[in-house]
>>> print(open('upload-v7.tsv').read())   # TSV, C-alpha atoms
chain	number	residue	atom	x	y	z
F	101	MET	CA	99.19	137.67	136.87
F	102	SER	CA	101.44	139.98	134.88
F	103	LYS	CA	102.95	138.95	131.57
F	104	GLU	CA	106.46	139.66	132.92
F	105	ALA	CA	106.24	136.89	135.50
F	106	ALA	CA	105.22	134.29	132.93
F	107	ARG	CA	108.54	134.49	131.08
F	108	ARG	CA	111.82	132.73	131.72
F	109	LEU	CA	115.42	133.01	130.63
F	110	ILE	CA	116.89	130.12	128.65
F	111	PHE	CA	120.33	129.35	127.25
F	112	CYS	CA	120.90	127.51	123.99
F	113	PRO	CA	122.52	124.12	124.73
F	114	ARG	CA	124.54	124.45	121.50
F	115	CYS	CA	125.88	128.01	121.50
F	116	ASP	CA	124.94	129.34	124.98
F	117	ALA	CA	123.02	132.25	123.45
F	118	ARG	CA	120.44	133.55	125.89
F	119	GLN	CA	116.88	134.56	125.22
F	120	GLU	CA	113.67	135.09	127.09
F	121	VAL	CA	110.73	132.90	126.29
F	122	SER	CA	107.28	132.32	127.67
F	123	LYS	CA	107.03	129.68	130.39
F	124	VAL	CA	104.71	127.61	128.24
F	125	THR	CA	107.07	127.55	125.23
F	126	LYS	CA	107.91	124.00	124.20
F	127	SER	CA	110.53	124.88	121.60
F	128	THR	CA	112.00	127.90	119.91
F	129	SER	CA	114.64	129.01	117.46
F	130	CYS	CA	118.03	130.12	118.79
F	131	PRO	CA	118.96	133.72	117.91
F	132	GLY	CA	122.66	132.73	117.95
F	133	CYS	CA	122.90	129.52	115.92
F	134	HIS	CA	119.41	129.70	114.34
F	135	ARG	CA	118.70	126.09	115.22
F	136	ASN	CA	115.71	124.64	116.95
F	137	ILE	CA	115.92	124.45	120.75
F	138	LEU	CA	113.75	122.23	122.90
F	139	THR	CA	112.79	124.30	125.93
F	140	SER	CA	110.41	121.96	127.70
F	141	ASP	CA	111.29	119.57	130.51
F	142	VAL	CA	111.79	115.96	129.47
F	143	GLU	CA	110.85	112.96	131.58
F	144	ILE	CA	112.06	109.50	130.60
F	145	ASN	CA	110.25	106.54	132.12
F	146	GLU	CA	111.06	103.91	129.55
F	147	TYR	CA	113.86	102.89	127.19
F	148	CYS	CA	114.91	105.83	125.03
F	149	ALA	CA	117.88	105.78	122.66
F	150	LYS	CA	118.76	108.97	120.80
F	151	ILE	CA	121.86	110.60	119.41
F	152	GLU	CA	121.34	113.68	121.52
F	153	MET	CA	118.98	114.91	124.19
F	154	TRP	CA	119.59	118.63	124.24
F	155	THR	CA	117.10	120.81	126.02
F	156	ALA	CA	116.98	124.14	127.81
F	157	GLY	CA	114.77	122.49	130.43
F	158	ILE	CA	115.19	119.75	133.00
F	159	VAL	CA	115.84	116.10	132.07
F	160	THR	CA	114.41	113.60	134.54
F	161	VAL	CA	115.05	109.88	134.25
F	162	GLY	CA	112.60	107.82	136.30
F	163	LYS	CA	113.24	104.52	138.01
F	164	LYS	CA	112.23	102.51	134.96
F	165	GLY	CA	113.88	104.88	132.50
F	166	THR	CA	116.97	104.21	130.43
F	167	LEU	CA	118.32	107.10	128.41
F	168	ILE	CA	121.03	106.42	125.86
F	169	ALA	CA	122.08	109.79	124.48
F	170	GLU	CA	124.41	112.72	124.79
F	171	VAL	CA	122.58	114.78	127.38
F	172	ARG	CA	122.80	118.57	127.62
F	173	ALA	CA	120.29	120.28	129.83
F	174	GLU	CA	119.66	123.03	132.34
F	175	SER	CA	119.44	120.42	135.08
F	176	VAL	CA	119.48	116.61	135.23
F	177	VAL	CA	117.77	114.40	137.80
F	178	VAL	CA	118.13	110.63	137.78
F	179	LYS	CA	115.56	109.03	140.07
F	180	GLY	CA	116.93	105.51	140.08
F	181	GLY	CA	117.12	105.15	136.31
F	182	GLU	CA	120.05	104.88	133.95
F	183	ILE	CA	121.91	107.19	131.57
F	184	LYS	CA	124.43	105.92	129.06
F	185	GLY	CA	126.27	108.81	127.47
F	186	PRO	CA	127.96	112.07	128.43
F	187	VAL	CA	125.97	114.43	130.64
F	188	THR	CA	126.58	118.19	130.55
F	189	SER	CA	124.44	120.46	132.63
F	190	ARG	CA	124.33	124.20	133.28
F	191	GLY	CA	122.77	123.57	136.67
F	192	PRO	CA	122.83	120.80	139.26
F	193	VAL	CA	122.95	117.10	138.44
F	194	THR	CA	121.29	114.89	141.03
F	195	LEU	CA	121.66	111.13	141.15
F	196	GLU	CA	119.27	109.55	143.59
F	197	LYS	CA	119.71	106.17	145.22
F	198	GLY	CA	120.16	103.32	142.77
F	199	SER	CA	120.87	105.54	139.76
F	200	ARG	CA	123.34	104.40	137.15
F	201	VAL	CA	125.39	106.69	134.92
F	202	PHE	CA	127.90	105.42	132.40
F	203	GLY	CA	129.50	108.50	130.86
F	204	ASN	CA	131.28	111.70	131.68
F	205	ILE	CA	129.47	114.20	133.89
F	206	THR	CA	130.18	117.92	133.69
F	207	ALA	CA	128.15	120.15	135.99
F	208	PRO	CA	128.68	123.05	138.38
F	209	SER	CA	127.05	121.01	141.12
F	210	LEU	CA	126.73	117.26	141.47
F	211	CYS	CA	124.79	115.50	144.19
F	212	ILE	CA	125.06	111.73	144.41
F	213	VAL	CA	122.85	110.39	147.18
F	214	GLU	CA	124.29	106.89	147.21
F	215	SER	CA	125.12	105.43	143.91
F	216	GLN	CA	126.58	102.09	143.08
F	217	HIS	CA	127.14	102.63	139.37
F	218	VAL	CA	128.96	105.74	138.20
F	219	VAL	CA	131.59	105.16	135.57
F	220	GLY	CA	133.24	108.01	133.72
F	221	MET	CA	135.05	111.26	134.17
F	222	ILE	CA	133.43	113.72	136.53
F	223	VAL	CA	134.13	117.44	136.40
F	224	THR	CA	132.09	119.24	139.01
F	225	GLY	CA	132.41	122.33	141.13
F	226	PRO	CA	131.86	126.06	140.66
F	227	ARG	CA	134.67	126.13	138.06
F	228	ALA	CA	133.68	122.90	136.29
F	229	ALA	CA	133.44	124.28	132.77
F	230	GLU	CA	136.72	126.21	133.09
F	231	LEU	CA	138.53	123.18	134.53
F	232	LEU	CA	137.29	120.96	131.72
F	233	ALA	CA	138.48	123.48	129.14
F	234	GLU	CA	141.86	123.63	130.88
F	235	ILE	CA	142.15	119.83	130.96
F	236	GLU	CA	141.27	119.61	127.27
F	237	ALA	CA	143.85	122.30	126.51
F	238	GLY	CA	146.43	120.46	128.64
F	239	VAL	CA	146.92	123.34	131.10
F	240	VAL	CA	145.94	121.29	134.17
F	241	SER	CA	147.95	118.11	134.45
F	242	LYS	CA	145.97	115.14	135.63
F	243	PRO	CA	147.40	113.18	138.59
F	244	PRO	CA	149.81	110.39	137.64
F	245	PRO	CA	148.46	106.86	137.18
F	246	PRO	CA	148.78	104.43	140.12
F	247	GLN	CA	152.31	103.16	140.57
F	248	GLY	CA	151.36	99.49	140.70
F	249	LYS	CA	153.45	96.75	139.17
F	250	SER	CA	152.52	96.88	135.55
F	251	PRO	CA	152.75	93.47	133.94
F	252	GLN	CA	155.49	93.21	131.39
F	253	PRO	CA	154.59	91.50	128.13
F	254	ALA	CA	156.24	88.13	127.65
F	255	LYS	CA	159.20	88.08	125.31
F	256	VAL	CA	158.69	86.33	122.02
F	257	ALA	CA	161.45	84.02	121.05
C	957	MET	CA	152.54	93.21	172.96
C	958	ALA	CA	150.78	95.82	170.87
C	959	ASP	CA	147.24	96.55	171.96
C	960	ALA	CA	144.41	96.29	169.46
C	961	PRO	CA	142.82	99.66	168.65
C	962	ARG	CA	139.95	100.46	170.98
C	963	PRO	CA	136.58	100.77	169.26
C	964	GLY	CA	135.76	104.43	168.69
C	965	SER	CA	139.36	105.55	169.00
C	966	GLU	CA	140.75	107.61	166.12
C	967	THR	CA	144.26	108.59	165.17
C	968	LEU	CA	144.42	112.31	164.55
C	969	ILE	CA	147.02	114.12	162.47
C	970	GLY	CA	146.67	117.72	163.51
C	971	SER	CA	146.56	120.81	161.35
C	972	ASP	CA	150.16	121.78	162.28
C	973	VAL	CA	151.58	118.42	161.19
C	974	SER	CA	153.21	117.72	157.84
C	975	ILE	CA	154.06	114.15	156.82
C	976	LYS	CA	155.89	112.81	153.78
C	977	GLY	CA	156.10	109.06	153.20
C	978	GLU	CA	154.10	105.88	153.57
C	979	MET	CA	151.44	105.33	156.22
C	980	SER	CA	149.35	102.38	157.30
C	981	PHE	CA	146.95	102.02	160.20
C	982	ASP	CA	144.22	99.88	161.72
C	983	GLY	CA	140.93	101.37	162.81
C	984	SER	CA	140.34	104.95	161.76
C	985	MET	CA	142.40	108.05	161.10
C	986	ARG	CA	141.56	111.72	160.67
C	987	ILE	CA	143.94	114.01	158.85
C	988	GLU	CA	143.77	117.76	159.40
C	989	GLY	CA	147.31	118.59	158.24
C	990	LYS	CA	149.47	118.04	155.18
C	991	VAL	CA	150.28	114.55	153.96
C	992	GLU	CA	152.23	113.51	150.89
C	993	GLY	CA	152.94	109.93	149.88
C	994	LYS	CA	151.06	106.68	150.19
C	995	ILE	CA	148.33	105.60	152.61
C	996	ALA	CA	147.16	102.01	152.86
C	997	SER	CA	144.67	100.55	155.30
C	998	LYS	CA	141.53	98.49	155.62
C	999	GLY	CA	140.07	101.01	158.04
C	1000	LYS	CA	138.39	104.38	157.72
C	1001	ILE	CA	140.13	107.60	156.80
C	1002	SER	CA	138.75	111.11	156.87
C	1003	PHE	CA	140.34	114.31	155.62
C	1004	GLY	CA	139.25	117.36	157.57
C	1005	GLN	CA	138.41	120.73	156.04
C	1006	GLY	CA	141.95	122.02	156.40
C	1007	ALA	CA	143.64	118.84	155.16
C	1008	GLN	CA	145.90	118.97	152.12
C	1009	VAL	CA	146.68	115.48	150.93
C	1010	VAL	CA	148.65	114.48	147.85
C	1011	ALA	CA	148.77	110.72	147.98
C	1012	GLU	CA	147.97	107.32	146.63
C	1013	VAL	CA	145.27	106.12	149.02
C	1014	SER	CA	143.84	102.64	149.41
C	1015	VAL	CA	141.46	102.24	152.35
C	1016	GLY	CA	138.22	100.60	153.45
C	1017	GLU	CA	136.19	103.79	153.73
C	1018	ALA	CA	137.01	107.42	153.02
C	1019	LYS	CA	135.40	110.73	153.84
C	1020	ILE	CA	136.84	113.90	152.33
C	1021	GLU	CA	136.12	117.42	153.52
C	1022	GLY	CA	139.42	119.05	152.51
C	1023	THR	CA	141.74	119.05	149.52
C	1024	PHE	CA	142.91	115.78	148.02
C	1025	LYS	CA	145.07	115.13	144.96
C	1026	GLY	CA	145.84	111.63	143.81
C	1027	ASN	CA	144.13	108.32	143.30
C	1028	LEU	CA	141.73	106.99	145.89
C	1029	THR	CA	140.51	103.42	146.22
C	1030	ALA	CA	138.02	102.50	148.93
C	1031	ALA	CA	136.66	99.00	149.38
C	1032	ASN	CA	133.35	100.10	150.90
C	1033	ARG	CA	132.48	103.74	150.43
C	1034	ILE	CA	133.73	107.17	149.44
C	1035	GLU	CA	132.02	110.29	150.69
C	1036	LEU	CA	132.81	113.79	149.46
C	1037	ALA	CA	131.47	116.60	151.62
C	1038	ALA	CA	130.35	119.94	150.22
C	1039	THR	CA	133.73	121.46	151.10
C	1040	ALA	CA	135.74	118.70	149.39
C	1041	HIS	CA	138.19	119.53	146.63
C	1042	VAL	CA	139.28	116.36	144.85
C	1043	MET	CA	141.51	116.00	141.81
C	1044	GLY	CA	142.24	112.45	140.80
C	1045	ASP	CA	140.68	109.10	140.12
C	1046	VAL	CA	138.36	107.37	142.56
C	1047	ARG	CA	137.36	103.73	142.66
C	1048	SER	CA	134.88	102.23	145.09
C	1049	THR	CA	131.70	100.23	145.45
C	1050	LYS	CA	129.65	103.17	146.76
C	1051	LEU	CA	129.98	106.91	146.22
C	1052	VAL	CA	128.27	109.83	147.93
C	1053	ILE	CA	128.91	113.38	146.74
C	1054	ALA	CA	127.36	116.32	148.53
C	1055	GLU	CA	126.14	119.28	146.53
C	1056	GLY	CA	128.90	121.87	146.23
C	1057	ALA	CA	131.87	119.50	146.20
C	1058	THR	CA	134.57	119.98	143.56
C	1059	PHE	CA	135.69	116.81	141.85
C	1060	VAL	CA	137.78	116.46	138.71
C	1061	GLY	CA	138.81	112.97	137.72
C	1062	ASN	CA	137.78	109.57	136.58
C	1063	CYS	CA	135.25	107.74	138.63
C	1064	HIS	CA	134.69	104.00	138.72
C	1065	VAL	CA	131.92	103.06	141.10
C	1066	SER	CA	130.28	99.67	140.75
C	1067	PRO	CA	129.91	96.59	142.96
C	1068	ASP	CA	132.69	94.83	141.04
C	1069	SER	CA	134.97	97.83	140.48
C	1070	LEU	CA	137.60	96.51	142.89
C	1071	LYS	CA	137.54	93.02	141.43
C	1072	GLN	CA	138.46	94.48	138.08
C	1073	VAL	CA	141.56	96.08	139.63
C	1074	GLU	CA	142.63	92.80	141.17
C	1075	LYS	CA	142.11	90.99	137.89
C	1076	SER	CA	144.04	93.52	135.84
C	1077	GLU	CA	146.96	93.37	138.27
C	1078	PHE	CA	147.42	89.66	137.88
C	1079	VAL	CA	146.56	89.08	134.25
C	1080	THR	CA	149.68	88.97	132.14
C	1081	PRO	CA	148.98	89.98	128.57
C	1082	VAL	CA	150.05	87.42	126.04
C	1083	ALA	CA	152.38	88.83	123.44
C	1084	ALA	CA	151.28	88.51	119.86
C	1085	THR	CA	152.94	85.74	117.90
C	1086	PRO	CA	154.89	87.13	114.97
C	1087	ILE	CA	153.59	86.12	111.57
C	1088	LYS	CA	155.93	83.66	109.87
C	1089	LYS	CA	156.59	84.49	106.25
>>> encode(input="upload-v7.tsv", output="structure tokens")
Amino acid sequence: MSKEAARRLIFCPRCDARQEVSKVTKSTSCPGCHRNILTSDVEINEYCAKIEMWTAGIVTVGKKGTLIAEVRAESVVVKGGEIKGPVTSRGPVTLEKGSRVFGNITAPSLCIVESQHVVGMIVTGPRAAELLAEIEAGVVSKPPPPQGKSPQPAKVA
Amino acid sequence: MADAPRPGSETLIGSDVSIKGEMSFDGSMRIEGKVEGKIASKGKISFGQGAQVVAEVSVGEAKIEGTFKGNLTAANRIELAATAHVMGDVRSTKLVIAEGATFVGNCHVSPDSLKQVEKSEFVTPVAATPIKK
């Protein structure tokens, strides 16, 4: 096997700087922000609470896994487990049956097989990142809130 | 006397139809044209690939293949096909999104998501009592 084939392209989850690394690389230093990047795939099959789970690989949450963190990855797969925290992915996010996600999801492609617990803002589609930036900048106006009868607070004598 | 809708029958709003206003129906409806306003039903609604809907929708089940802007509440299930383009908030007990669909908005999917709406509509907030000096 040639050495060329054993390399892969990764993007820094912090600054989006690209670099080529060996397929067996577990972590490396980013040439853009000079910070450590986890490049390996991560599989969560138990309770895991972290501030951030940033990797240039794939994050998989198994059926018995609970991940509490800000997730940024190349791809995210939830196989019936749970994520609490915002999820940002460069690639597809897949939620299999019975998965639970409590947090915003931003991904170019989102596949929800049949989920009963998804709470948060979802920005997905080919222009997901651009749309999110536009929403944050206030360019795209969000649809108006439902025009239900809003309860009026009681007057205080 | 009005006949009950036959099982399997579907109301179709064609691609050359444009409607503005409030709609309600029993059974199921498929929209291929343009609709603007409010749709309320306990039945099933589906927006075809060419549909352009800007509405406040509250139904039993919804399937979207076209463009939809507004808030969508479905008692049973919401399904977004790969060609769906949705901008707005969705609330349901079950959600299915096909790979390739575009969706921008808040999502509240849980078995008790609709109960929370009902509760919030009827709970009157108690005003704070002013502090007596």
>>> interface_residues(input="upload-v7.tsv", of="chain F", to="chain C", cutoff="6 Å", atoms="all atoms listed in the file", output="CSV table (one decimal) with C-alpha atoms, in the frame of the given file")
chain,number,residue,atom,x,y,z
F,209,SER,CA,127.0,121.0,141.1
F,210,LEU,CA,126.7,117.3,141.5
F,211,CYS,CA,124.8,115.5,144.2
F,212,ILE,CA,125.1,111.7,144.4
F,213,VAL,CA,122.8,110.4,147.2
F,214,GLU,CA,124.3,106.9,147.2
F,215,SER,CA,125.1,105.4,143.9
F,216,GLN,CA,126.6,102.1,143.1
F,217,HIS,CA,127.1,102.6,139.4
F,218,VAL,CA,129.0,105.7,138.2
F,219,VAL,CA,131.6,105.2,135.6
F,220,GLY,CA,133.2,108.0,133.7
F,221,MET,CA,135.0,111.3,134.2
F,222,ILE,CA,133.4,113.7,136.5
F,223,VAL,CA,134.1,117.4,136.4
F,224,THR,CA,132.1,119.2,139.0
F,225,GLY,CA,132.4,122.3,141.1
F,243,PRO,CA,147.4,113.2,138.6
F,251,PRO,CA,152.8,93.5,133.9
F,253,PRO,CA,154.6,91.5,128.1
F,254,ALA,CA,156.2,88.1,127.6
>>> residues_around(input="upload-v7.tsv", residues="region 186-194 of chain F", least_positions_apart="3", cutoff="6 Å", atoms="all atoms listed in the file", output="compact mmCIF listing (two decimals) with C-alpha atoms, keeping the file's coordinate frame")
# COMPACT_ATOMS: atom_id res chain seq x y z
CA GLU F 170 124.41 112.72 124.79
CA VAL F 171 122.58 114.78 127.38
CA ARG F 172 122.80 118.57 127.62
CA ALA F 173 120.29 120.28 129.83
CA GLU F 174 119.66 123.03 132.34
CA SER F 175 119.44 120.42 135.08
CA VAL F 176 119.48 116.61 135.23
CA VAL F 177 117.77 114.40 137.80
CA GLY F 203 129.50 108.50 130.86
CA ASN F 204 131.28 111.70 131.68
CA ILE F 205 129.47 114.20 133.89
CA THR F 206 130.18 117.92 133.69
CA ALA F 207 128.15 120.15 135.99
CA SER F 209 127.05 121.01 141.12
CA LEU F 210 126.73 117.26 141.47
CA CYS F 211 124.79 115.50 144.19
CA ILE F 212 125.06 111.73 144.41
>>> atom_distance(input="upload-v7.tsv", atom1="CA of Ser1002 (chain C)", atom2="CA of Ala1018 (chain C)")
5.6 Å
>>> residues_around(input="upload-v7.tsv", residues="Asp116 (chain F)", least_positions_apart="5", cutoff="10 Å", atoms="only C-alpha atoms", output="ChimeraX atom specification")
/F:110-111,130,132-133,156,190
>>> atom_distance(input="upload-v7.tsv", atom1="CA of Phe1003 (chain C)", atom2="CA of Val973 (chain C)")
13.2 Å
>>> closest_residue(input="upload-v7.tsv", among="C:Val991, C:Ala1030, C:Val1015, C:Ala996", to="Met979 (chain C)", atoms="all atoms listed in the file")
C:Ala996
>>> residues_around(input="upload-v7.tsv", residues="Lys126 (chain F)", least_positions_apart="3", cutoff="8 Å", atoms="only C-alpha atoms", output="number ranges by chain")
F: 138-140
>>> write_last_selection(input="upload-v7.tsv", atoms="C-alpha atoms", output="PDB file, in the coordinates of the input")
ATOM      1  CA  LEU F 138     113.750 122.230 122.900  1.00  0.00           C
ATOM      2  CA  THR F 139     112.790 124.300 125.930  1.00  0.00           C
ATOM      3  CA  SER F 140     110.410 121.960 127.700  1.00  0.00           C
TER       4      SER F 140
END
>>> residues_near_point(input="upload-v7.tsv", point="(153.5, 111.7, 157.2)", cutoff="12 Å", atoms="all atoms listed in the file", output="list in words")
Leu968, Ile969, Gly970, Asp972, Val973, Ser974, Ile975, Lys976, Gly977, Glu978, Met979, Ser980, Ile987, Glu988, Gly989, Lys990, Val991, Glu992, Gly993, Lys994, Ile995, Gln1008, Val1009, Val1010 and Ala1011 of chain C
>>> atom_distance(input="upload-v7.tsv", atom1="CA of Ile183 (chain F)", atom2="CA of Val161 (chain F)")
7.8 Å
>>> residues_near_point(input="upload-v7.tsv", point="(120.1, 110.4, 121.8)", cutoff="7 Å", atoms="all atoms listed in the file", output="NGL selection string")
:F and (149-153 or 168-170)
>>> write_last_selection(input="upload-v7.tsv", atoms="C-alpha atoms", output="short mmCIF file (atom, residue, chain, number, x, y, z; two decimals), in the coordinates of the input")
data_model
loop_
_atom_site.label_atom_id
_atom_site.label_comp_id
_atom_site.auth_asym_id
_atom_site.auth_seq_id
_atom_site.Cartn_x
_atom_site.Cartn_y
_atom_site.Cartn_z
CA ALA F 149 117.88 105.78 122.66
CA LYS F 150 118.76 108.97 120.80
CA ILE F 151 121.86 110.60 119.41
CA GLU F 152 121.34 113.68 121.52
CA MET F 153 118.98 114.91 124.19
CA ILE F 168 121.03 106.42 125.86
CA ALA F 169 122.08 109.79 124.48
CA GLU F 170 124.41 112.72 124.79
#
>>> build_atoms(input="upload-v7.tsv", residues="region 166-194 of chain F", atoms="N, CA and C atoms", output="mmCIF file, in the frame of the given file")
data_model
loop_
_atom_site.group_PDB
_atom_site.id
_atom_site.type_symbol
_atom_site.label_atom_id
_atom_site.label_comp_id
_atom_site.auth_asym_id
_atom_site.auth_seq_id
_atom_site.Cartn_x
_atom_site.Cartn_y
_atom_site.Cartn_z
ATOM 1 N N THR F 166 115.599 104.396 130.915
ATOM 2 C CA THR F 166 116.970 104.210 130.430
ATOM 3 C C THR F 166 117.166 105.186 129.276
ATOM 4 N N LEU F 167 118.080 106.096 129.446
ATOM 5 C CA LEU F 167 118.320 107.100 128.410
ATOM 6 C C LEU F 167 119.707 106.884 127.825
ATOM 7 N N ILE F 168 119.749 106.583 126.540
ATOM 8 C CA ILE F 168 121.030 106.420 125.860
ATOM 9 C C ILE F 168 121.162 107.596 124.905
ATOM 10 N N ALA F 169 121.940 108.576 125.283
ATOM 11 C CA ALA F 169 122.080 109.790 124.480
ATOM 12 C C ALA F 169 123.151 110.692 125.059
ATOM 13 N N GLU F 170 123.564 111.651 124.255
ATOM 14 C CA GLU F 170 124.410 112.720 124.790
ATOM 15 C C GLU F 170 123.435 113.735 125.387
ATOM 16 N N VAL F 171 123.551 113.942 126.685
ATOM 17 C CA VAL F 171 122.580 114.780 127.380
ATOM 18 C C VAL F 171 123.167 116.165 127.651
ATOM 19 N N ARG F 172 122.447 117.190 127.254
ATOM 20 C CA ARG F 172 122.800 118.570 127.620
ATOM 21 C C ARG F 172 121.515 119.223 128.077
ATOM 22 N N ALA F 173 121.525 119.725 129.283
ATOM 23 C CA ALA F 173 120.290 120.280 129.830
ATOM 24 C C ALA F 173 120.588 121.352 130.850
ATOM 25 N N GLU F 174 119.548 122.006 131.295
ATOM 26 C CA GLU F 174 119.660 123.030 132.340
ATOM 27 C C GLU F 174 119.916 122.332 133.675
ATOM 28 N N SER F 175 119.294 121.194 133.850
ATOM 29 C CA SER F 175 119.440 120.420 135.080
ATOM 30 C C SER F 175 119.093 118.964 134.779
ATOM 31 N N VAL F 176 119.734 118.040 135.470
ATOM 32 C CA VAL F 176 119.480 116.610 135.230
ATOM 33 C C VAL F 176 119.190 115.932 136.564
ATOM 34 N N VAL F 177 118.124 115.155 136.589
ATOM 35 C CA VAL F 177 117.770 114.400 137.800
ATOM 36 C C VAL F 177 117.572 112.944 137.399
ATOM 37 N N VAL F 178 118.298 112.055 138.054
ATOM 38 C CA VAL F 178 118.130 110.630 137.780
ATOM 39 C C VAL F 178 117.529 110.005 139.045
ATOM 40 N N LYS F 179 116.281 109.564 138.909
ATOM 41 C CA LYS F 179 115.560 109.030 140.070
ATOM 42 C C LYS F 179 115.604 107.505 140.061
ATOM 43 N N GLY F 180 116.794 106.966 140.051
ATOM 44 C CA GLY F 180 116.930 105.510 140.080
ATOM 45 C C GLY F 180 117.038 104.881 138.710
ATOM 46 N N GLY F 181 117.019 105.677 137.673
ATOM 47 C CA GLY F 181 117.120 105.150 136.310
ATOM 48 C C GLY F 181 118.564 105.090 135.826
ATOM 49 N N GLU F 182 118.719 105.078 134.516
ATOM 50 C CA GLU F 182 120.050 104.880 133.950
ATOM 51 C C GLU F 182 120.294 105.839 132.775
ATOM 52 N N ILE F 183 121.500 106.378 132.719
ATOM 53 C CA ILE F 183 121.910 107.190 131.570
ATOM 54 C C ILE F 183 123.192 106.589 131.011
ATOM 55 N N LYS F 184 123.201 106.366 129.725
ATOM 56 C CA LYS F 184 124.430 105.920 129.060
ATOM 57 C C LYS F 184 124.799 106.996 128.059
ATOM 58 N N GLY F 185 125.841 107.725 128.350
ATOM 59 C CA GLY F 185 126.270 108.810 127.470
ATOM 60 C C GLY F 185 126.742 109.989 128.302
ATOM 61 N N PRO F 186 127.453 110.924 127.676
ATOM 62 C CA PRO F 186 127.960 112.070 128.430
ATOM 63 C C PRO F 186 126.833 113.013 128.874
ATOM 64 N N VAL F 187 126.983 113.530 130.067
ATOM 65 C CA VAL F 187 125.970 114.430 130.640
ATOM 66 C C VAL F 187 126.624 115.788 130.899
ATOM 67 N N THR F 188 126.093 116.824 130.305
ATOM 68 C CA THR F 188 126.580 118.190 130.550
ATOM 69 C C THR F 188 125.393 119.028 130.985
ATOM 70 N N SER F 189 125.560 119.691 132.104
ATOM 71 C CA SER F 189 124.440 120.460 132.630
ATOM 72 C C SER F 189 124.897 121.861 133.037
ATOM 73 N N ARG F 190 124.039 122.826 132.833
ATOM 74 C CA ARG F 190 124.330 124.200 133.280
ATOM 75 C C ARG F 190 124.048 124.344 134.761
ATOM 76 N N GLY F 191 123.166 123.511 135.260
ATOM 77 C CA GLY F 191 122.770 123.570 136.670
ATOM 78 C C GLY F 191 123.124 122.271 137.375
ATOM 79 N N PRO F 192 122.475 121.992 138.482
ATOM 80 C CA PRO F 192 122.830 120.800 139.260
ATOM 81 C C PRO F 192 122.431 119.478 138.605
ATOM 82 N N VAL F 193 123.258 118.479 138.843
ATOM 83 C CA VAL F 193 122.950 117.100 138.440
ATOM 84 C C VAL F 193 122.724 116.317 139.725
ATOM 85 N N THR F 194 121.605 115.652 139.819
ATOM 86 C CA THR F 194 121.290 114.890 141.030
ATOM 87 C C THR F 194 121.086 113.427 140.670
#
